[in-house]
Amino acid sequence: MSFVLGLEGIQEFEEHVKKICDYAFAHAIQTFQSFTPETASCEKRNAFLAKCHEGFALAQEMIVDQLLVIQANIRDHTSQLKEAKRKRDKESVKWYETRIIHLTHRESVLRKVADAIAWQLWGLQRWNLRRLYIGKQQPHLDSSNINSIMDEVKKINKEPLSFGLITDITSFIQIGDILKVDRSSEPTKIYLIEMKEGVMNEKAMEFIQMFDKIQCPRIPYFFAQEHGKKALKQAIRITKQQMRAAQVQQFVKTGKGKDLYLNQEIMMPDEVFEEEDYDDILMELIESCKSNGRANGIVDECLFVGVYDPMMYPAYLADFVNNLYLALSRTSASNAPFERSEEIHIYETYQFLEKTYPIYDLRRSLTIPLSRPIFLRCLPEDAILNIIFGKMIVLLYLDYDQWFGRCKNFDMVGRWSTDADFGKYGAEKGVIQVLGRIPIFEKKGQIHIIGEGTLTRIIDGTRPDSIIEMYSKSFDHIMALGSKSSTKN
């Protein structure tokens with residue numbers, strides 16, 4: 001039984017996802033059982049890479065086929081939902097809304113597999129990958145020139161050491177139509193390809209080439225006079241796309257540039273910090289859950305993790321809250337709210353929840369564009385699939401106060417925003433608010449506003465202590481450059 005993706009057609013969908021995952025993550029491994037990159041010959045490494053690309057291509061074709069069907073159903077149900085609302089048919093409204101939720105989750109699962117392919121192509125380099133996101137909503141495939149793009153990637157993928165990924169099937173790549181990786185020489189070359197077709201685009205490209213060559217400010221006026229304002233707007237749109245792609249390529253080369261989503265200048269340090277994850281702890285809890293139906297643990301004394309089998313514990317959220325109550329209020333089990341009178345239980349639980357921070361379901365990562373795909377975590381495939389299909393629930397709770405307390409171990413301060421801080425940073429893009437406050441790291445006058453990216457890292461599996469250490473080193477890097485600034489991520 002699936003608790004999120006819906007019952008209708010779920011078995012067939014699960015089988016499709018398992019097959020797609022086999023292609024995307026195991027195709028080469030199944031062929032080269034004893035492959036070791038460090039000791040393999042150049043010829044064998046290339047053969048392994050070619051097999052990886054072959055698996056990516058097979059997975060991509062299945063993802064495209066599945067997304068086209070799902071998106072068509074979403075569009076159809078959305079239209080029928082509007083009609084049901086017009087007729088005030090409450091039962092039909094509820095059915096269509098629920099069905100759209102199920103279909104949207106299925107779309108998210110498929111996009112995350114495509115994200116995982118992109119991450120593998122770019123060597124898991126989060127700092128470069130996030131430059132490809134500009135905060136837009138990904139389009140429906142049938143509203144883009146998907147057939148032309150498919151034809152182009154098939155041409156690219158005929159070369160064993162090259163692979164072309166359709167960006168519109170991912171949840172976060174919003175620059176270029178195709179992400180192309182060429183491993184035929186060292187170093188690996190990465191391209192962001194824009195696909196343009198049709199008479200209007202041909203005219204726009206002619207204008208761009210002419211303007212680039214002549215640089216006359218009157219050219220746009222004459223172009224609009226001859227071809228119309230619509231053609232000029234298209235030319236401007238294409239120019240902006242080319243500029244964004246150039247900015248990303250420049251950042252990859254130099255480590256300096258602008259984050260197009262946050263509209264913020266950034267600079268990568270020469271040394272990349274290796275984050276430490278808590279996947280080993282989560283794996284232990286998953287194994288325990290298989291036997292007991294539930295398991296609870298804590299990471300770095302501040303991140304509470306609960307793993308549940310919803311068939312055995314359908315009220316898993318209530319059980320997790322109960323465990324948080326016991327841990328955070330230091331109440332003995334005999335005084336637990338769930339074992340006392342109903343009136344006291346309701347009152348004390350309400351009081352407790354009023355003061356708690358958000359509880360996150362690990363499946364939330366499926367809907368976060370810049371999250372590290374769960375498929376790349378150090379967990380068994382069956383556990384990953386059980387989580388995304390709702391057959392195993394993983395709940396997370398970050399105790400910010402305990403987390404702040406651990407900052408002193410890294411010569412740093414963690415605190416909540418003052419009124420002045422909130423007025424200055426509260427409305428900025430990427431900033432998170434927890435119970436009406438902004439979490440902040442501070443070190444020797446340097447301030448870091450804890451934003452969506454930091455929280456995403458923790459949901460993705462990074463240890464809270466590793467987050468603190470990373471930003472402590474980041475502060476040291478900034479201070480070494482002799483500048484004072486505030487950052488957010």
# chains A, B, ... in the order shown; residues from 1 in each chain; ligands from 1
call {"tool": "residues_around", "arguments": {"residues": "His27 (chain A)", "least_positions_apart": "6", "cutoff": "8 Å", "atoms": "only C-alpha atoms", "output": "NGL selection string"}}
result
:A and (51-52 or 54-55)
call {"tool": "closest_atom_pairs", "arguments": {"of": "region 149-168 of chain A", "to": "region 62-78 of chain A", "cutoff": "10 Å", "atoms": "only C-alpha atoms", "output": "JSON lines"}}
result
{"residue": "A:Met150", "atom": "CA", "partner": "A:Val64", "partner_atom": "CA", "distance": 9.2}
{"residue": "A:Ile166", "atom": "CA", "partner": "A:Val64", "partner_atom": "CA", "distance": 9.0}
{"residue": "A:Asp168", "atom": "CA", "partner": "A:Val64", "partner_atom": "CA", "distance": 9.5}
call {"tool": "select_by_dssp", "arguments": {"residues": "region 408-466 of chain A", "states": "strand (DSSP E or B)", "output": "list in words"}}
result
Val413, Gly414, Arg415, Trp416, Val431, Val434, Arg437, Pro439, Ile440, Phe441, Glu442, Lys443, Gln446, Ile447, His448, Ile449, Gly451 and Thr462 of chain A
call {"tool": "write_last_selection", "arguments": {"atoms": "N, CA and C atoms", "output": "mmCIF file, in the first residue's frame"}}
result
data_model
loop_
_atom_site.group_PDB
_atom_site.id
_atom_site.type_symbol
_atom_site.label_atom_id
_atom_site.label_comp_id
_atom_site.auth_asym_id
_atom_site.auth_seq_id
_atom_site.Cartn_x
_atom_site.Cartn_y
_atom_site.Cartn_z
ATOM 1 N N VAL A 413 28.817 31.537 17.317
ATOM 2 C CA VAL A 413 27.596 31.778 18.078
ATOM 3 C C VAL A 413 26.395 31.482 17.184
ATOM 4 N N GLY A 414 25.430 30.737 17.734
ATOM 5 C CA GLY A 414 24.157 30.545 17.059
ATOM 6 C C GLY A 414 23.090 31.276 17.863
ATOM 7 N N ARG A 415 22.224 32.022 17.190
ATOM 8 C CA ARG A 415 21.231 32.810 17.923
ATOM 9 C C ARG A 415 20.017 33.089 17.054
ATOM 10 N N TRP A 416 18.978 33.634 17.666
ATOM 11 C CA TRP A 416 17.793 34.078 16.940
ATOM 12 C C TRP A 416 17.932 35.553 16.589
ATOM 13 N N VAL A 431 15.570 33.336 2.785
ATOM 14 C CA VAL A 431 15.611 33.360 4.248
ATOM 15 C C VAL A 431 14.450 32.534 4.807
ATOM 16 N N VAL A 434 11.382 30.760 11.531
ATOM 17 C CA VAL A 434 10.934 29.699 12.422
ATOM 18 C C VAL A 434 10.252 30.357 13.619
ATOM 19 N N ARG A 437 10.915 34.040 13.742
ATOM 20 C CA ARG A 437 12.282 34.520 13.951
ATOM 21 C C ARG A 437 13.193 33.923 12.877
ATOM 22 N N PRO A 439 16.923 32.231 12.173
ATOM 23 C CA PRO A 439 18.117 31.665 12.797
ATOM 24 C C PRO A 439 19.388 32.239 12.180
ATOM 25 N N ILE A 440 20.380 32.530 13.027
ATOM 26 C CA ILE A 440 21.595 33.224 12.583
ATOM 27 C C ILE A 440 22.834 32.573 13.180
ATOM 28 N N PHE A 441 23.902 32.469 12.373
ATOM 29 C CA PHE A 441 25.240 32.115 12.851
ATOM 30 C C PHE A 441 26.077 33.390 12.854
ATOM 31 N N GLU A 442 26.974 33.481 13.831
ATOM 32 C CA GLU A 442 27.805 34.684 13.941
ATOM 33 C C GLU A 442 29.189 34.299 14.432
ATOM 34 N N LYS A 443 30.203 34.936 13.864
ATOM 35 C CA LYS A 443 31.579 34.696 14.298
ATOM 36 C C LYS A 443 32.418 35.944 14.075
ATOM 37 N N GLN A 446 31.124 38.579 11.774
ATOM 38 C CA GLN A 446 30.548 38.073 10.524
ATOM 39 C C GLN A 446 29.214 37.408 10.826
ATOM 40 N N ILE A 447 28.214 37.638 9.963
ATOM 41 C CA ILE A 447 26.861 37.091 10.171
ATOM 42 C C ILE A 447 26.473 36.207 8.989
ATOM 43 N N HIS A 448 25.897 35.069 9.297
ATOM 44 C CA HIS A 448 25.323 34.202 8.263
ATOM 45 C C HIS A 448 23.852 33.981 8.594
ATOM 46 N N ILE A 449 22.973 34.340 7.659
ATOM 47 C CA ILE A 449 21.547 34.123 7.833
ATOM 48 C C ILE A 449 21.231 32.698 7.383
ATOM 49 N N GLY A 451 19.367 29.970 5.868
ATOM 50 C CA GLY A 451 18.276 29.994 4.909
ATOM 51 C C GLY A 451 17.838 28.623 4.445
ATOM 52 N N THR A 462 22.957 15.868 5.842
ATOM 53 C CA THR A 462 24.174 16.420 6.430
ATOM 54 C C THR A 462 24.017 16.573 7.938
#
call {"tool": "closest_residue", "arguments": {"among": "A:Asp399, A:Glu428, A:Glu83, A:Asp419", "to": "Phe304 (chain A)", "atoms": "only C-alpha atoms"}}
result
A:Asp399
call {"tool": "atom_distance", "arguments": {"atom1": "CA of Ile10 (chain A)", "atom2": "CA of Leu103 (chain A)"}}
result
10.2 Å
call {"tool": "residues_around", "arguments": {"residues": "Leu385 (chain A)", "least_positions_apart": "5", "cutoff": "12 Å", "atoms": "only C-alpha atoms", "output": "ChimeraX atom specification"}}
result
/A:2,5,13-22,109,113,363,374-375,377,379-380,390-393
call {"tool": "write_last_selection", "arguments": {"atoms": "N, CA and C atoms", "output": "mmCIF file, in the first residue's frame"}}
result
data_model
loop_
_atom_site.group_PDB
_atom_site.id
_atom_site.type_symbol
_atom_site.label_atom_id
_atom_site.label_comp_id
_atom_site.auth_asym_id
_atom_site.auth_seq_id
_atom_site.Cartn_x
_atom_site.Cartn_y
_atom_site.Cartn_z
ATOM 1 N N SER A 2 0.512 2.249 -0.788
ATOM 2 C CA SER A 2 1.237 3.506 -0.808
ATOM 3 C C SER A 2 0.422 4.583 -0.100
ATOM 4 N N LEU A 5 1.471 8.323 -2.852
ATOM 5 C CA LEU A 5 1.355 8.388 -4.296
ATOM 6 C C LEU A 5 0.019 7.896 -4.818
ATOM 7 N N PHE A 13 3.279 1.999 -11.523
ATOM 8 C CA PHE A 13 4.205 3.122 -11.401
ATOM 9 C C PHE A 13 5.457 2.705 -10.626
ATOM 10 N N GLU A 14 5.288 1.958 -9.540
ATOM 11 C CA GLU A 14 6.434 1.486 -8.759
ATOM 12 C C GLU A 14 7.355 0.644 -9.625
ATOM 13 N N GLU A 15 6.786 -0.211 -10.443
ATOM 14 C CA GLU A 15 7.607 -1.055 -11.314
ATOM 15 C C GLU A 15 8.393 -0.204 -12.311
ATOM 16 N N HIS A 16 7.746 0.841 -12.848
ATOM 17 C CA HIS A 16 8.444 1.751 -13.766
ATOM 18 C C HIS A 16 9.609 2.442 -13.047
ATOM 19 N N VAL A 17 9.367 2.943 -11.838
ATOM 20 C CA VAL A 17 10.407 3.661 -11.097
ATOM 21 C C VAL A 17 11.576 2.739 -10.775
ATOM 22 N N LYS A 18 11.292 1.513 -10.369
ATOM 23 C CA LYS A 18 12.369 0.559 -10.066
ATOM 24 C C LYS A 18 13.227 0.300 -11.297
ATOM 25 N N LYS A 19 12.583 0.149 -12.443
ATOM 26 C CA LYS A 19 13.321 -0.088 -13.683
ATOM 27 C C LYS A 19 14.146 1.133 -14.066
ATOM 28 N N ILE A 20 13.559 2.321 -13.922
ATOM 29 C CA ILE A 20 14.279 3.560 -14.215
ATOM 30 C C ILE A 20 15.503 3.686 -13.311
ATOM 31 N N CYS A 21 15.341 3.386 -12.027
ATOM 32 C CA CYS A 21 16.453 3.460 -11.073
ATOM 33 C C CYS A 21 17.550 2.458 -11.415
ATOM 34 N N ASP A 22 17.168 1.270 -11.848
ATOM 35 C CA ASP A 22 18.167 0.281 -12.271
ATOM 36 C C ASP A 22 19.000 0.819 -13.425
ATOM 37 N N VAL A 109 8.885 12.455 -7.989
ATOM 38 C CA VAL A 109 9.761 11.286 -7.909
ATOM 39 C C VAL A 109 10.575 11.147 -9.186
ATOM 40 N N VAL A 113 14.798 11.531 -9.908
ATOM 41 C CA VAL A 113 15.697 10.573 -10.562
ATOM 42 C C VAL A 113 16.527 11.313 -11.617
ATOM 43 N N ARG A 363 10.275 12.879 2.846
ATOM 44 C CA ARG A 363 9.768 12.963 1.479
ATOM 45 C C ARG A 363 9.672 14.409 0.995
ATOM 46 N N ILE A 374 17.517 11.844 -2.945
ATOM 47 C CA ILE A 374 17.566 10.748 -1.988
ATOM 48 C C ILE A 374 18.184 9.498 -2.606
ATOM 49 N N PHE A 375 18.113 9.371 -3.924
ATOM 50 C CA PHE A 375 18.673 8.206 -4.614
ATOM 51 C C PHE A 375 20.191 8.142 -4.497
ATOM 52 N N ARG A 377 21.835 8.910 -1.636
ATOM 53 C CA ARG A 377 22.230 8.707 -0.248
ATOM 54 C C ARG A 377 22.731 7.281 -0.038
ATOM 55 N N LEU A 379 22.069 4.569 1.294
ATOM 56 C CA LEU A 379 21.004 3.726 1.818
ATOM 57 C C LEU A 379 20.685 2.656 0.784
ATOM 58 N N PRO A 380 20.219 1.478 1.221
ATOM 59 C CA PRO A 380 19.853 0.427 0.263
ATOM 60 C C PRO A 380 18.710 0.880 -0.645
ATOM 61 N N GLY A 390 6.078 5.893 0.464
ATOM 62 C CA GLY A 390 5.287 6.042 1.677
ATOM 63 C C GLY A 390 5.104 4.770 2.464
ATOM 64 N N LYS A 391 5.890 3.730 2.171
ATOM 65 C CA LYS A 391 5.784 2.473 2.914
ATOM 66 C C LYS A 391 6.648 2.499 4.171
ATOM 67 N N MET A 392 7.539 3.490 4.228
ATOM 68 C CA MET A 392 8.334 3.746 5.422
ATOM 69 C C MET A 392 8.427 5.251 5.585
ATOM 70 N N ILE A 393 8.114 5.744 6.772
ATOM 71 C CA ILE A 393 8.073 7.185 7.039
ATOM 72 C C ILE A 393 9.287 7.589 7.859
#
call {"tool": "atom_distance", "arguments": {"atom1": "CA of Asp280 (chain A)", "atom2": "CA of Asn386 (chain A)"}}
result
17.3 Å
call {"tool": "residues_around", "arguments": {"residues": "Ile368 (chain A)", "least_positions_apart": "5", "cutoff": "12 Å", "atoms": "only C-alpha atoms", "output": "VMD selection string"}}
result
chain A and resid 105 108 to 109 111 to 112 115 130 133 135 137 170 to 172 362 to 363 373 to 374 452 to 453 455 to 457 459 to 460
call {"tool": "atom_distance", "arguments": {"atom1": "CA of Ile146 (chain A)", "atom2": "CA of Ser371 (chain A)"}}
result
25.3 Å
call {"tool": "closest_residue", "arguments": {"among": "A:Tyr96, A:Tyr191, A:Tyr313, A:Phe163", "to": "Ile175 (chain A)", "atoms": "only C-alpha atoms"}}
result
A:Tyr191
call {"tool": "closest_residue", "arguments": {"among": "A:Arg372, A:His140, A:Lys94, A:Arg463", "to": "Trp403 (chain A)", "atoms": "only C-alpha atoms"}}
result
A:Arg463
call {"tool": "closest_residue", "arguments": {"among": "A:Pro187, A:Gly430, A:Gly297, A:Gly423", "to": "Ile134 (chain A)", "atoms": "only C-alpha atoms"}}
result
A:Gly430
call {"tool": "select_by_dssp", "arguments": {"residues": "region 16-199 of chain A", "states": "helix (DSSP H, G or I)", "output": "count of residues only"}}
result
118
call {"tool": "residues_around", "arguments": {"residues": "Leu398 (chain A)", "least_positions_apart": "4", "cutoff": "9 Å", "atoms": "only C-alpha atoms", "output": "ChimeraX atom specification"}}
result
/A:302-305,357-360,402-403,458,464
call {"tool": "write_last_selection", "arguments": {"atoms": "C-alpha atoms", "output": "PDB file, in the first residue's frame"}}
result
ATOM      1  CA  CYS A 302      19.863  18.230  18.308  1.00  0.00           C
ATOM      2  CA  LEU A 303      18.375  16.397  15.301  1.00  0.00           C
ATOM      3  CA  PHE A 304      15.645  13.917  16.259  1.00  0.00           C
ATOM      4  CA  VAL A 305      14.903  11.171  13.744  1.00  0.00           C
ATOM      5  CA  TYR A 357       9.829  23.833  15.779  1.00  0.00           C
ATOM      6  CA  PRO A 358       8.650  22.309  12.490  1.00  0.00           C
ATOM      7  CA  ILE A 359       8.606  18.545  11.965  1.00  0.00           C
ATOM      8  CA  TYR A 360       9.749  17.483   8.503  1.00  0.00           C
ATOM      9  CA  GLN A 402      20.369  22.712  21.143  1.00  0.00           C
ATOM     10  CA  TRP A 403      21.965  23.249  17.740  1.00  0.00           C
ATOM     11  CA  ILE A 458      20.074  18.787   6.976  1.00  0.00           C
ATOM     12  CA  PRO A 464      24.125  19.499  12.042  1.00  0.00           C
TER      13      PRO A 464
END
call {"tool": "residues_around", "arguments": {"residues": "Ile286 (chain A)", "least_positions_apart": "6", "cutoff": "9 Å", "atoms": "only C-alpha atoms", "output": "list of chain:residue names"}}
result
A:Arg294, A:Ala295, A:Val307, A:Tyr308, A:Ala383, A:Met392, A:Val394
call {"tool": "closest_residue", "arguments": {"among": "A:Ile281, A:Leu129, A:Ile450, A:Ala114", "to": "Gly164 (chain A)", "atoms": "only C-alpha atoms"}}
result
A:Ala114
call {"tool": "decode", "arguments": {"residues": "region 379-392 of chain A", "atoms": "N, CA and C atoms", "output": "tab-separated table (two decimals), in the first residue's frame"}}
result
chain	number	residue	atom	x	y	z
A	379	LEU	N	22.07	4.57	1.29
A	379	LEU	CA	21.00	3.73	1.82
A	379	LEU	C	20.68	2.66	0.78
A	380	PRO	N	20.22	1.48	1.22
A	380	PRO	CA	19.85	0.43	0.26
A	380	PRO	C	18.71	0.88	-0.64
A	381	GLU	N	18.68	0.35	-1.86
A	381	GLU	CA	17.67	0.74	-2.82
A	381	GLU	C	16.26	0.46	-2.30
A	382	ASP	N	16.06	-0.69	-1.65
A	382	ASP	CA	14.71	-1.02	-1.18
A	382	ASP	C	14.25	-0.04	-0.12
A	383	ALA	N	15.17	0.44	0.73
A	383	ALA	CA	14.81	1.43	1.75
A	383	ALA	C	14.42	2.76	1.10
A	384	ILE	N	15.19	3.18	0.09
A	384	ILE	CA	14.89	4.43	-0.61
A	384	ILE	C	13.52	4.37	-1.26
A	385	LEU	N	13.24	3.27	-1.96
A	385	LEU	CA	11.96	3.12	-2.64
A	385	LEU	C	10.80	3.05	-1.64
A	386	ASN	N	11.02	2.38	-0.50
A	386	ASN	CA	9.97	2.32	0.53
A	386	ASN	C	9.66	3.71	1.07
A	387	ILE	N	10.69	4.54	1.20
A	387	ILE	CA	10.48	5.90	1.71
A	387	ILE	C	9.71	6.74	0.70
A	388	ILE	N	10.12	6.72	-0.56
A	388	ILE	CA	9.45	7.60	-1.54
A	388	ILE	C	8.04	7.13	-1.85
A	389	PHE	N	7.75	5.82	-1.66
A	389	PHE	CA	6.40	5.32	-1.89
A	389	PHE	C	5.54	5.35	-0.64
A	390	GLY	N	6.08	5.89	0.46
A	390	GLY	CA	5.29	6.04	1.68
A	390	GLY	C	5.10	4.77	2.46
A	391	LYS	N	5.89	3.73	2.17
A	391	LYS	CA	5.78	2.47	2.91
A	391	LYS	C	6.65	2.50	4.17
A	392	MET	N	7.54	3.49	4.23
A	392	MET	CA	8.33	3.75	5.42
A	392	MET	C	8.43	5.25	5.59
